[in-house]
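Have a look at the structure below before the remarks.
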Amino acid sequence: MTWHWTGLAFFSLTLLPAGLALVTGRIPHRLRHRLAPMRPRGWALLGLYSAAPLNTIPRLAEAPPATIVVATAAAAVLAAAGCTYAALAPRRTRNAAR
């Protein structure tokens with residue numbers, strides 16, 4: 001249980017603020033010159049962050065095993081979608097610029 005609380009706190013303090021900042025357009029000055037769009041990276045971070053609460057909260061609530069499996073599968077799908085979106089976003093931008 002301690003590891004679940006630690007992981008949830010760590011991801012809530014790192015990925016959540018960074019993802020929200022990138023999605024809302026508050027991009028650090030040193031990252032503004034990059035060609036890849038930052039908002040898709042923010043959505044990718046939020047997708048990765050969603051895996052932490054979806055995996056941890058049902059376990060901490062001592063939910064039935066079926067609920068835990070469904071929540072973990074949903075977390076995996078959201079994390080994979082976030083990674084795919086982040087990987088394809090720079091490619092879309094290059095094609096749109098042509």
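Chain lettering (A, B, ...) mirrors the order of the structure tokens, residue numbering begins at 1 for each chain separately, and ligand numbering begins at 1 in order of display.
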Rows by chain and residue number, segment 22-75 of chain A within 8 Å of segment 1-16 of chain A, shortest pair, only C-alpha atoms, as a Markdown table:
| residue | atom | partner | partner_atom | distance |
| --- | --- | --- | --- | --- |
| A:Leu45 | CA | A:Leu15 | CA | 6.0 |
| A:Leu46 | CA | A:Leu16 | CA | 6.3 |
| A:Leu48 | CA | A:Leu15 | CA | 7.8 |
| A:Tyr49 | CA | A:Leu15 | CA | 5.9 |
| A:Ala52 | CA | A:Leu8 | CA | 5.8 |
| A:Pro53 | CA | A:Leu8 | CA | 6.4 |
| A:Thr56 | CA | A:His4 | CA | 5.8 |
| A:Leu60 | CA | A:Met1 | CA | 7.0 |
Prev. selection, all heavy atoms, output as a PDB file, in the first residue's frame:
ATOM      1  N   LEU A  45       1.262  13.468 -21.744  1.00  0.00           N
ATOM      2  CA  LEU A  45       1.591  13.393 -20.323  1.00  0.00           C
ATOM      3  C   LEU A  45       0.352  13.138 -19.474  1.00  0.00           C
ATOM      4  O   LEU A  45       0.396  12.380 -18.507  1.00  0.00           O
ATOM      5  CB  LEU A  45       2.271  14.689 -19.873  1.00  0.00           C
ATOM      6  CG  LEU A  45       3.737  14.839 -20.213  1.00  0.00           C
ATOM      7  CD1 LEU A  45       4.250  16.207 -19.770  1.00  0.00           C
ATOM      8  CD2 LEU A  45       4.555  13.741 -19.595  1.00  0.00           C
ATOM      9  N   LEU A  46      -0.761  13.769 -19.841  1.00  0.00           N
ATOM     10  CA  LEU A  46      -1.995  13.517 -19.088  1.00  0.00           C
ATOM     11  C   LEU A  46      -2.486  12.087 -19.291  1.00  0.00           C
ATOM     12  O   LEU A  46      -3.033  11.477 -18.372  1.00  0.00           O
ATOM     13  CB  LEU A  46      -3.070  14.526 -19.491  1.00  0.00           C
ATOM     14  CG  LEU A  46      -2.809  15.953 -19.035  1.00  0.00           C
ATOM     15  CD1 LEU A  46      -3.911  16.874 -19.554  1.00  0.00           C
ATOM     16  CD2 LEU A  46      -2.705  16.032 -17.535  1.00  0.00           C
ATOM     17  N   LEU A  48      -0.500   9.524 -19.804  1.00  0.00           N
ATOM     18  CA  LEU A  48       0.378   8.713 -18.957  1.00  0.00           C
ATOM     19  C   LEU A  48       0.035   8.884 -17.486  1.00  0.00           C
ATOM     20  O   LEU A  48       0.078   7.933 -16.715  1.00  0.00           O
ATOM     21  CB  LEU A  48       1.832   9.081 -19.204  1.00  0.00           C
ATOM     22  CG  LEU A  48       2.409   8.622 -20.524  1.00  0.00           C
ATOM     23  CD1 LEU A  48       3.801   9.192 -20.718  1.00  0.00           C
ATOM     24  CD2 LEU A  48       2.443   7.109 -20.591  1.00  0.00           C
ATOM     25  N   TYR A  49      -0.307  10.106 -17.100  1.00  0.00           N
ATOM     26  CA  TYR A  49      -0.683  10.339 -15.705  1.00  0.00           C
ATOM     27  C   TYR A  49      -1.947   9.567 -15.331  1.00  0.00           C
ATOM     28  O   TYR A  49      -2.061   9.074 -14.219  1.00  0.00           O
ATOM     29  CB  TYR A  49      -0.896  11.826 -15.431  1.00  0.00           C
ATOM     30  CG  TYR A  49      -1.559  12.061 -14.100  1.00  0.00           C
ATOM     31  CD1 TYR A  49      -0.842  11.908 -12.925  1.00  0.00           C
ATOM     32  CD2 TYR A  49      -2.908  12.378 -14.005  1.00  0.00           C
ATOM     33  CE1 TYR A  49      -1.451  12.077 -11.697  1.00  0.00           C
ATOM     34  CE2 TYR A  49      -3.519  12.553 -12.786  1.00  0.00           C
ATOM     35  CZ  TYR A  49      -2.786  12.401 -11.632  1.00  0.00           C
ATOM     36  OH  TYR A  49      -3.391  12.560 -10.426  1.00  0.00           O
ATOM     37  N   ALA A  52      -1.756   6.264 -13.426  1.00  0.00           N
ATOM     38  CA  ALA A  52      -1.485   6.187 -11.988  1.00  0.00           C
ATOM     39  C   ALA A  52      -2.767   6.128 -11.153  1.00  0.00           C
ATOM     40  O   ALA A  52      -2.947   5.193 -10.374  1.00  0.00           O
ATOM     41  CB  ALA A  52      -0.597   7.350 -11.560  1.00  0.00           C
ATOM     42  N   PRO A  53      -3.694   7.092 -11.295  1.00  0.00           N
ATOM     43  CA  PRO A  53      -4.893   6.983 -10.466  1.00  0.00           C
ATOM     44  C   PRO A  53      -5.801   5.814 -10.852  1.00  0.00           C
ATOM     45  O   PRO A  53      -6.419   5.209  -9.979  1.00  0.00           O
ATOM     46  CB  PRO A  53      -5.611   8.318 -10.657  1.00  0.00           C
ATOM     47  CG  PRO A  53      -4.926   9.037 -11.725  1.00  0.00           C
ATOM     48  CD  PRO A  53      -3.641   8.360 -12.005  1.00  0.00           C
ATOM     49  N   THR A  56      -4.159   2.841  -9.179  1.00  0.00           N
ATOM     50  CA  THR A  56      -3.950   2.898  -7.733  1.00  0.00           C
ATOM     51  C   THR A  56      -5.235   3.005  -6.932  1.00  0.00           C
ATOM     52  O   THR A  56      -5.389   2.305  -5.925  1.00  0.00           O
ATOM     53  CB  THR A  56      -3.041   4.094  -7.401  1.00  0.00           C
ATOM     54  OG1 THR A  56      -1.825   3.938  -8.124  1.00  0.00           O
ATOM     55  CG2 THR A  56      -2.738   4.163  -5.932  1.00  0.00           C
ATOM     56  N   LEU A  60      -6.374   0.857  -3.615  1.00  0.00           N
ATOM     57  CA  LEU A  60      -6.443   1.453  -2.281  1.00  0.00           C
ATOM     58  C   LEU A  60      -7.845   1.343  -1.683  1.00  0.00           C
ATOM     59  O   LEU A  60      -8.002   1.270  -0.473  1.00  0.00           O
ATOM     60  CB  LEU A  60      -6.005   2.914  -2.339  1.00  0.00           C
ATOM     61  CG  LEU A  60      -4.528   3.148  -2.654  1.00  0.00           C
ATOM     62  CD1 LEU A  60      -4.255   4.628  -2.836  1.00  0.00           C
ATOM     63  CD2 LEU A  60      -3.649   2.566  -1.568  1.00  0.00           C
TER      64      LEU A  60
END
### Message
For Gly42 of chain A, find every residue with an atom within 12 Å (counting only C-alpha atoms), except residues of its own chain fewer than 2 positions away, and show them as a PyMOL selection string.
### Response
chain A and resi 15-27+36-40+44-49+82-83+85-86+89
### Distance in Å - atom CA of Ala71 of chain A versus atom CA of Leu54 of chain A
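If I compute the distance from atom CA of Ala71 of chain A to atom CA of Leu54 of chain A, I get 5.5 Å.
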### Task
Please identify which residues in chain A DSSP calls helix (DSSP H, G or I) from the backbone, and express them as a PyMOL selection string.
chain A and resi 2-23+29-31+38-60+65-97
### Query
A:Ala75, A:Trp43, A:His29, A:Thr67: which is nearest Asn55 of chain A, counting only C-alpha atoms?
A:Ala75
### Task
Work out how far apart atom CA of Ile57 of chain A and atom CA of Ala76 of chain A are and give it in Å to one decimal.
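Between atom CA of Ile57 of chain A and atom CA of Ala76 of chain A the gap works out to 14.8 Å.
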